[in-house]
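K.L.:
Here you go, coords-v3.cif (mmCIF, C-alpha atoms):
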data_query
#
loop_
_atom_site.label_atom_id
_atom_site.label_comp_id
_atom_site.auth_asym_id
_atom_site.auth_seq_id
_atom_site.Cartn_x
_atom_site.Cartn_y
_atom_site.Cartn_z
CA MET A 1 -18.57 -9.20 14.46
CA ILE A 2 -17.38 -6.09 16.25
CA LEU A 3 -19.56 -3.66 14.34
CA ASP A 4 -22.79 -4.07 12.42
CA PHE A 5 -24.03 -0.63 11.50
CA LYS A 6 -26.88 0.41 9.25
CA ALA A 7 -27.92 3.86 8.12
CA MET A 8 -28.81 5.78 4.97
CA VAL A 9 -26.57 7.83 2.72
CA LYS A 10 -27.91 11.22 1.77
CA GLY A 11 -26.92 12.38 -1.68
CA GLY A 12 -26.38 15.95 -2.79
CA ASP A 13 -29.68 15.84 -4.66
CA GLY A 14 -31.56 14.85 -1.52
CA SER A 15 -31.87 11.18 -2.44
CA VAL A 16 -31.17 8.52 0.18
CA VAL A 17 -29.82 5.01 -0.29
CA PRO A 18 -29.25 2.25 2.25
CA PHE A 19 -25.85 1.96 3.87
CA SER A 20 -24.41 -0.92 5.84
CA LEU A 21 -21.04 -1.43 7.42
CA GLN A 22 -19.72 -4.55 9.08
CA ILE A 23 -16.36 -4.97 10.74
CA ARG A 24 -15.62 -8.56 11.57
CA ALA A 25 -13.71 -9.68 14.63
CA PRO A 26 -9.92 -9.85 14.21
CA ARG A 27 -8.47 -13.08 12.94
CA TYR A 28 -4.97 -14.31 12.40
CA ASP A 29 -3.74 -14.77 8.87
CA GLU A 30 -0.79 -17.14 8.92
CA ASN A 31 1.16 -15.26 6.29
CA ARG A 32 0.28 -11.68 7.06
CA GLY A 33 -0.73 -11.36 10.71
CA TYR A 34 -3.82 -10.05 12.51
CA CYS A 35 -6.53 -8.51 10.39
CA CYS A 36 -10.12 -7.34 10.40
CA GLU A 37 -12.39 -7.67 7.41
CA ILE A 38 -14.56 -4.71 6.53
CA ALA A 39 -17.67 -5.04 4.41
CA CYS A 40 -19.14 -1.81 3.10
CA PRO A 41 -21.13 -2.46 -0.08
CA TYR A 42 -21.83 1.24 -0.53
CA LEU A 43 -18.11 1.89 -1.08
CA THR A 44 -17.08 -1.33 -2.76
CA ASP A 45 -18.21 -4.86 -3.48
CA LYS A 46 -14.80 -6.17 -2.51
CA ASN A 47 -14.22 -6.32 1.24
CA PHE A 48 -11.24 -4.60 2.80
CA LEU A 49 -8.71 -6.43 4.96
CA ILE A 50 -6.93 -4.23 7.45
CA PHE A 51 -3.84 -5.49 9.26
CA GLY A 52 -2.36 -4.66 12.62
CA VAL A 53 0.44 -5.86 14.83
CA ASP A 54 -2.14 -7.49 17.14
CA GLU A 55 -5.91 -7.83 17.47
CA LYS A 56 -6.28 -4.50 19.22
CA GLN A 57 -4.44 -2.55 16.56
CA ALA A 58 -6.23 -4.39 13.77
CA ARG A 59 -9.52 -3.21 15.30
CA GLU A 60 -8.30 0.34 15.81
CA LEU A 61 -6.88 0.64 12.31
CA SER A 62 -10.06 -0.77 10.82
CA TYR A 63 -12.14 1.92 12.47
CA ALA A 64 -9.65 4.60 11.45
CA PHE A 65 -9.53 3.28 7.91
CA ILE A 66 -13.26 3.16 7.30
CA GLY A 67 -13.73 6.54 8.96
CA GLN A 68 -11.19 8.07 6.62
CA ARG A 69 -12.65 6.33 3.57
CA LEU A 70 -16.12 7.64 4.33
CA ALA A 71 -14.72 11.13 4.86
CA ASP A 72 -12.72 10.97 1.63
CA GLU A 73 -15.82 9.94 -0.28
CA ASN A 74 -17.91 12.67 1.39
CA VAL A 75 -20.44 10.14 2.61
CA LEU A 76 -23.17 11.84 4.61
CA LEU A 77 -24.95 9.34 6.86
CA VAL A 78 -28.45 9.91 8.17
CA ASP A 79 -30.95 7.86 10.12
CA GLU A 80 -34.46 7.01 8.95
CA GLU A 81 -35.71 10.37 10.13
CA GLY A 82 -33.02 12.21 8.21
CA HIS A 83 -30.88 13.17 11.19
CA ASP A 84 -27.11 13.09 10.75
CA VAL A 85 -25.49 10.04 12.26
CA SER A 86 -21.93 8.74 12.30
CA VAL A 87 -20.24 5.41 12.60
CA PRO A 88 -20.08 4.44 16.31
CA ASN A 89 -16.70 4.78 17.96
CA LEU A 90 -14.62 1.78 18.84
CA VAL A 91 -15.21 0.76 22.43
CA ASP A 92 -12.07 -0.39 24.20
CA ASP A 93 -12.05 -3.78 25.81
CA MET B 1 -15.00 29.72 8.37
CA PHE B 2 -12.15 30.56 6.05
CA ASP B 3 -9.17 28.27 6.57
CA PRO B 4 -6.25 29.20 4.37
CA PHE B 5 -3.97 26.41 5.53
CA ALA B 6 -5.32 22.87 5.92
CA LEU B 7 -3.48 19.87 7.34
CA ALA B 8 -4.31 16.24 6.65
CA ARG B 9 -2.01 14.82 9.30
CA PRO B 10 0.08 16.09 12.20
CA ILE B 11 3.37 17.83 11.60
CA ASP B 12 5.43 15.89 14.07
CA ARG B 13 8.89 14.43 13.68
CA ASP B 14 7.74 11.27 15.46
CA THR B 15 5.00 10.46 12.98
CA THR B 16 4.81 9.87 9.27
CA MET B 17 4.07 13.25 7.77
CA ASP B 18 2.04 13.95 4.67
CA GLU B 19 4.25 15.45 1.97
CA GLU B 20 1.68 18.04 0.95
CA ASP B 21 1.25 19.02 4.58
CA VAL B 22 5.00 19.45 4.84
CA PHE B 23 5.08 21.71 1.84
CA LYS B 24 2.15 23.74 3.05
CA ALA B 25 3.63 24.01 6.54
CA LYS B 26 6.92 25.24 5.15
CA SER B 27 5.13 27.72 2.90
CA ALA B 28 3.03 28.99 5.78
CA LEU B 29 6.00 29.28 8.12
CA LYS B 30 7.96 31.03 5.41
CA SER B 31 5.13 33.42 4.78
CA LEU B 32 5.13 34.29 8.48
CA GLY B 33 8.90 34.66 8.68
CA HIS B 34 9.71 31.44 10.54
CA PHE B 35 11.24 29.43 7.72
CA LYS B 36 13.95 30.38 5.28
CA THR B 37 13.96 28.70 1.89
CA PRO B 38 17.11 26.57 1.56
CA LYS B 39 19.37 26.93 -1.47
CA HIS B 40 17.93 23.74 -2.96
CA GLY B 41 14.42 25.19 -2.78
CA LEU B 42 11.25 24.38 -0.89
CA THR B 43 10.72 20.63 -0.79
CA ARG B 44 7.93 18.34 0.35
CA PHE B 45 10.30 16.39 2.58
CA PRO B 46 10.26 16.91 6.34
CA ASP B 47 13.46 18.28 7.78
CA GLU B 48 14.87 19.69 10.99
CA GLN B 49 14.63 23.23 9.67
CA MET B 50 10.86 22.92 9.38
CA ILE B 51 10.56 21.59 12.95
CA ASP B 52 12.75 24.48 14.09
CA GLY B 53 10.42 26.80 12.20
CA VAL B 54 7.41 25.40 14.04
CA LYS B 55 9.25 25.87 17.35
CA SER B 56 10.22 29.40 16.38
CA PHE B 57 6.59 30.23 15.62
CA GLN B 58 5.43 28.63 18.88
CA ARG B 59 8.06 30.56 20.82
CA ALA B 60 7.03 33.83 19.19
CA ARG B 61 3.35 33.22 19.97
CA GLY B 62 3.82 31.95 23.51
CA LEU B 63 2.67 28.44 22.64
CA ARG B 64 4.11 25.18 23.91
CA GLU B 65 7.43 24.85 22.12
CA ASP B 66 7.40 21.22 21.05
CA GLY B 67 7.73 21.48 17.26
CA VAL B 68 4.42 19.67 16.80
CA MET B 69 1.49 21.00 14.81
CA ASN B 70 -1.72 18.96 14.96
CA PRO B 71 -4.60 19.61 12.56
CA GLY B 72 -6.86 22.06 14.35
CA GLY B 73 -4.48 22.28 17.32
CA PRO B 74 -3.28 25.51 18.92
CA THR B 75 -0.26 25.99 16.64
CA HIS B 76 -2.20 25.24 13.47
CA THR B 77 -5.06 27.49 14.57
CA ARG B 78 -2.70 30.34 15.42
CA ILE B 79 -0.87 30.03 12.09
CA ASN B 80 -4.21 30.22 10.32
CA GLN B 81 -5.14 33.30 12.30
CA ASP B 82 -1.88 34.97 11.36
CA LEU B 83 -2.23 33.95 7.72
CA ARG B 84 -5.77 35.24 7.59
CA ARG B 85 -4.68 38.49 9.17
CA LYS B 86 -2.02 38.72 6.54
CA GLN B 87 -4.42 37.96 3.71
CA VAL B 88 -6.99 40.43 4.96
CA GLY B 89 -4.17 42.94 5.21
CA SER B 90 -3.33 42.05 1.64
CA SER B 91 -6.85 42.95 0.62
CA ALA B 92 -6.53 46.33 2.26
CA ALA B 93 -3.12 46.92 0.74
CA SER B 94 -4.27 45.99 -2.71
CA GLN B 95 -7.17 48.40 -2.83
CA GLY B 96 -6.42 50.78 -5.62
CA GLU B 97 -4.26 48.26 -7.38
CA ARG B 98 -7.05 47.12 -9.61
CA ARG B 99 -4.82 44.91 -11.68
CA GLY B 100 -4.40 42.33 -8.93
CA ALA B 101 -7.73 42.61 -7.17
CA GLY B 102 -9.58 40.18 -9.37
CA LEU B 103 -6.92 37.54 -9.18
CA LEU B 104 -6.48 37.80 -5.46
CA SER B 105 -10.20 37.53 -4.92
CA THR B 106 -10.02 34.02 -6.32
CA MET B 107 -7.87 33.09 -3.34
CA ARG B 108 -10.66 33.47 -0.82
CA PRO B 109 -14.28 32.46 -0.58
CA SER B 110 -16.91 35.11 -1.10
CA GLY B 111 -18.24 36.72 2.03
CA GLN B 112 -14.92 36.62 3.83
CA ASP B 113 -14.57 39.18 6.60
CA GLN B 114 -12.43 41.51 4.54
CA SER B 115 -13.73 44.55 6.32
CA ASN B 116 -12.96 43.36 9.85
CA PRO B 117 -11.42 46.50 11.34
CA SER B 118 -9.58 44.63 14.07
CA VAL B 119 -7.40 42.69 11.72
CA GLY B 120 -7.01 44.29 8.37
CA SER B 121 -7.49 47.99 8.34
CA ASN B 122 -4.08 49.16 9.41
CA PRO B 123 -1.26 46.91 8.15
CA SER B 124 2.30 47.96 8.85
CA ARG B 125 4.50 49.36 6.12
CA THR B 126 6.39 46.05 5.91
CA GLU B 127 3.14 44.12 5.63
CA ARG B 128 1.87 46.45 2.92
CA HIS B 129 5.11 46.02 1.02
CA THR B 130 4.93 42.23 1.30
CA GLU B 131 1.31 42.08 0.28
CA ARG B 132 1.85 44.42 -2.64
CA LYS B 133 4.57 42.07 -3.79
CA GLU B 134 2.10 39.16 -3.55
CA THR B 135 -0.41 41.13 -5.59
CA GLN B 136 2.17 41.69 -8.28
CA THR B 137 3.01 37.97 -8.17
CA ALA B 138 -0.65 37.15 -8.68
CA VAL B 139 -0.81 39.37 -11.72
CA ALA B 140 2.17 37.71 -13.36
CA ALA B 141 1.48 34.08 -12.34
CA PRO B 142 -0.03 31.77 -14.97
CA PRO B 143 -3.57 30.49 -14.30
CA ILE B 144 -2.36 26.98 -13.45
CA VAL B 145 -0.27 28.40 -10.61
CA ILE B 146 -3.23 30.31 -9.23
CA LYS B 147 -5.30 27.13 -9.37
CA ILE B 148 -2.57 25.24 -7.51
CA ALA B 149 -2.43 27.96 -4.87
CA GLN B 150 -6.19 27.71 -4.40
CA MET B 151 -6.23 23.94 -4.28
CA MET B 152 -3.29 23.57 -1.90
CA GLY B 153 -4.15 26.54 0.30
CA MET B 154 -0.82 28.24 -0.25
CA THR B 155 0.25 31.68 -1.42
CA ILE B 156 0.57 32.34 -5.13
CA ALA B 157 4.25 33.14 -4.67
CA ALA B 158 4.86 29.81 -2.97
CA ALA B 159 2.86 27.95 -5.60
CA TRP B 160 4.77 29.65 -8.34
CA ALA B 161 8.14 28.86 -6.76
CA TRP B 162 7.03 25.23 -6.44
CA TRP B 163 5.82 25.17 -10.03
CA LYS B 164 9.13 26.56 -11.28
CA GLY B 165 11.01 23.86 -9.41
CA MET B 166 8.96 20.99 -10.88
CA SER B 167 10.18 18.71 -13.62
CA GLY B 168 8.18 18.48 -16.84
CA ALA B 169 6.64 15.20 -15.76
CA ASP B 170 5.67 16.60 -12.37
CA ARG B 171 4.10 19.61 -14.06
CA ALA B 172 2.07 17.35 -16.31
CA ARG B 173 0.90 15.32 -13.32
CA MET B 174 0.05 18.42 -11.35
CA ARG B 175 -1.79 19.96 -14.30
CA ALA B 176 -3.82 16.77 -14.68
CA ARG B 177 -4.61 16.76 -10.99
CA VAL B 178 -5.64 20.40 -10.88
CA ASN B 179 -7.83 19.92 -13.94
CA GLY B 180 -9.52 16.90 -12.39
CA ASP B 181 -7.96 14.36 -14.74
CA LYS B 182 -8.23 10.99 -13.03
CA SER B 183 -5.98 9.18 -15.48
CA ASP B 184 -3.15 8.71 -12.99
CA ARG B 185 -5.50 7.66 -10.22
CA PRO B 186 -4.48 4.19 -9.03
CA SER B 187 -7.01 1.37 -9.29
CA ARG B 188 -8.22 -0.70 -6.34
CA GLU B 189 -5.97 -3.50 -7.61
CA ASP B 190 -2.93 -1.18 -7.59
CA CYS B 191 -3.67 -0.16 -4.02
CA ASP B 192 -4.33 -3.73 -2.87
CA ASP B 193 -1.15 -4.89 -4.52
CA ASN B 194 0.91 -2.22 -2.80
CA TYR B 195 -0.73 -2.82 0.58
CA PHE B 196 -0.77 -6.63 0.62
CA ASN B 197 2.41 -7.37 -1.30
CA VAL B 198 4.72 -4.52 -0.33
CA ASP B 199 3.72 -2.67 2.83
CA ILE B 200 2.34 -5.49 4.98
CA PRO B 201 5.21 -7.90 4.24
CA THR B 202 7.64 -5.04 4.97
CA CYS B 203 6.00 -4.36 8.33
CA ASN B 204 6.05 -8.05 9.20
CA ALA B 205 9.70 -8.26 8.22
CA ILE B 206 10.76 -5.42 10.50
CA SER B 207 8.92 -6.91 13.47
CA ARG B 208 11.70 -9.41 13.98
CA LYS B 209 14.35 -6.70 14.00
CA ARG B 210 12.63 -3.73 15.61
CA GLY B 211 10.01 -5.09 17.93
CA LYS B 212 6.28 -4.64 18.40
CA GLN B 213 6.17 -0.88 18.83
CA ALA B 214 8.01 -0.18 15.59
CA THR B 215 5.85 -2.75 13.83
CA ALA B 216 2.70 -1.10 15.10
CA ARG B 217 3.89 2.22 13.69
CA CYS B 218 4.65 0.54 10.43
CA PHE B 219 1.15 -0.95 10.21
CA ALA B 220 -0.38 2.42 11.04
CA SER B 221 1.52 4.09 8.23
CA ALA B 222 0.70 1.22 5.85
CA ASN B 223 -2.97 1.74 6.70
CA ALA B 224 -2.68 5.47 6.00
CA ARG B 225 -0.93 4.77 2.69
CA TYR B 226 -3.64 2.31 1.69
CA GLY B 227 -6.36 4.84 2.42
CA ALA B 228 -4.52 7.58 0.55
CA CYS B 229 -4.04 5.30 -2.43
CA LEU B 230 -7.75 4.45 -2.52
CA SER B 231 -8.46 8.17 -2.41
CA GLY B 232 -6.49 8.66 -5.59
CA VAL B 233 -2.92 9.43 -4.54
CA PRO B 234 -0.58 7.72 -7.01
CA VAL B 235 1.46 4.89 -5.49
CA ASP B 236 4.74 6.70 -6.10
CA ARG B 237 3.47 9.73 -4.20
CA LEU B 238 2.15 8.06 -1.07
CA PRO B 239 3.50 9.17 2.29
CA PRO B 240 6.50 7.06 3.32
CA LEU B 241 6.11 3.77 5.13
CA ASP B 242 7.28 4.18 8.72
CA VAL B 243 9.99 1.56 9.14
CA TRP B 244 12.51 3.42 11.26
CA ASN B 245 11.01 5.09 14.31
CA ASN B 246 10.91 3.22 17.58
#
What is this structure when it is put down as structure tokens?
P.N.:
Amino acid sequence: MILDFKAMVKGGDGSVVPFSLQIRAPRYDENRGYCCEIACPYLTDKNFLIFGVDEKQARELSYAFIGQRLADENVLLVDEEGHDVSVPNLVDD
Amino acid sequence: MFDPFALARPIDRDTTMDEEDVFKAKSALKSLGHFKTPKHGLTRFPDEQMIDGVKSFQRARGLREDGVMNPGGPTHTRINQDLRRKQVGSSAASQGERRGAGLLSTMRPSGQDQSNPSVGSNPSRTERHTERKETQTAVAAPPIVIKIAQMMGMTIAAAWAWWKGMSGADRARMRARVNGDKSDRPSREDCDDNYFNVDIPTCNAISRKRGKQATARCFASANARYGACLSGVPVDRLPPLDVWNN
């Protein structure tokens, strides 16, 4: 696992619901190359698979992908005290 | 803050550009006198003339002349400043022309700094003429065009020219999009199918011919296409897959 992140999603009506995001370590798919699996039940029940030319790019693209998806869906993340939080940045090796 | 011209991705000949960004960039550059509409009309496809237009604008504003416009970067910011100046000037020019005032007001959020004396109170004769023309365009444009202009962050004249150049099918699609009709929104399965069965195999196929760097670019563009698809962009309107640049 390269990311296991938990927070709350704040809705426009002030309601909050739990949010979790997991990005699994890159693996090699024999037919399609390096990929990371992203689990984000708030967005979808079906996990995403994001491919890259190597492990590093698969990680980078996974972070970029989920960041863009959350932005596109206008997901506002907050911590338990209601403060805005964001998905942690990818830390280079 | 009011931002009349938004970019989703960089305008840069070395990256895969977003077609809507391209159209908006061309419209903005045209509006500021740095892009001339070709005989075949304003298209959403990147071309050398647009890059030259960006360079021309950068040259005129003393910016780094590299033909690149990043979202929120110096060139983009300066274009927005010039567009806003122009729009505020338009407001000043249109005072007294009550016919267009209501329509033009729909182009900007309420509370905009229309009375800022440093930018809008004394437009040149040419600017007044141009803005008056835009006001008249707003009066004559159908409501769908005004909605498109608002949604895309472009001038009414540019939106109308685009609308006139669209095929019937494109107009129907655009009308549906503007009116919030999700019927042509691709499903998750459509997006997965395109990503797993078209884009990724294509990227893997070019790796043997074009090397790792080109393949990495291909994967990056495939990722962007996948995200755009999941956001509702129809598969046939996704930005192109980058299979050529090294």
K.L.:
What does the structure give for the distance between atom CA of Tyr226 of chain B and atom CA of Ala25 of chain A, in Å to one decimal?
P.N.:
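Here the two named atoms are 20.3 Å from each other.
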K.L.:
For a test of reading the model, state the distance in Å between atom CA of His34 of chain B and atom CA of Arg84 of chain B, rounded to one decimal.
P.N.:
16.2 Å
K.L.:
Closest to Arg27 of chain A among A:Asp45, A:Lys56, A:Gly14, A:Val9, using all atoms listed in the file?
P.N.:
A:Lys56
K.L.:
Using the chain letters and residue numbers of this document, give as a VMD selection string the residues selected by the PyMOL selection byres ((chain B) within 10 of (chain A)).
P.N.:
chain B and resid 188 192 195 to 197 200 to 201 203 to 204 207 212 to 224 226 to 228 230 to 232
K.L.:
So how far away is atom CA of Asp18 of chain B from atom CA of His76 of chain B, in Å?
P.N.:
14.9 Å
K.L.:
Taking the file above as input, evaluate the PyMOL selection byres ((chain B and resi 72) around 12) and report the hits as a VMD selection string.
P.N.:
chain B and resid 3 5 to 11 68 to 71 73 to 81
K.L.:
Residues within 8 Å of Cys229 of chain B, please, as a ChimeraX atom specification. Count all atoms listed in the file; anything in the same chain fewer than 4 positions from it doesn't count.
P.N.:
/B:186,191,225,233-235,238
K.L.:
Include C-alpha atoms and write out the residues we just selected as a short mmCIF file (atom, residue, chain, number, x, y, z; two decimals), keeping the file's coordinate frame.
P.N.:
data_model
loop_
_atom_site.label_atom_id
_atom_site.label_comp_id
_atom_site.auth_asym_id
_atom_site.auth_seq_id
_atom_site.Cartn_x
_atom_site.Cartn_y
_atom_site.Cartn_z
CA PRO B 186 -4.48 4.19 -9.03
CA CYS B 191 -3.67 -0.16 -4.02
CA ARG B 225 -0.93 4.77 2.69
CA VAL B 233 -2.92 9.43 -4.54
CA PRO B 234 -0.58 7.72 -7.01
CA VAL B 235 1.46 4.89 -5.49
CA LEU B 238 2.15 8.06 -1.07
#
K.L.:
Given the file shown, enumerate the residues that the PyMOL selection byres ((chain A and resi 6-8) around 10) captures and present them as a list in words.
P.N.:
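What the PyMOL selection byres ((chain A and resi 6-8) around 10) grabs from the file is Leu3, Asp4, Phe5, Val9, Lys10, Gly11, Ser15, Val16, Val17, Pro18, Phe19, Ser20, Leu21, Gln22, Tyr42, Val75, Leu76, Leu77, Val78, Asp79, Glu80, Glu81, Gly82, His83, Asp84, Val85, Ser86 and Val87 of chain A.
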K.L.:
Looking at B:Pro46, B:Gly67, B:Pro143, B:Gly165, which one is nearest to Lys26 of chain B, with distances taken over all atoms listed in the file?
P.N.:
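Going through B:Pro46, B:Gly67, B:Pro143, B:Gly165 one by one, the smallest distance to Lys26 of chain B is for B:Pro46.
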K.L.:
For Asp52 of chain B, work out the shell of residues within 12 Å, counting only C-alpha atoms and skipping chain neighbours fewer than 3 positions away, then give it as a ChimeraX atom specification.
P.N.:
/B:11-13,25-26,29-30,34-36,46-49,55-59,65-69
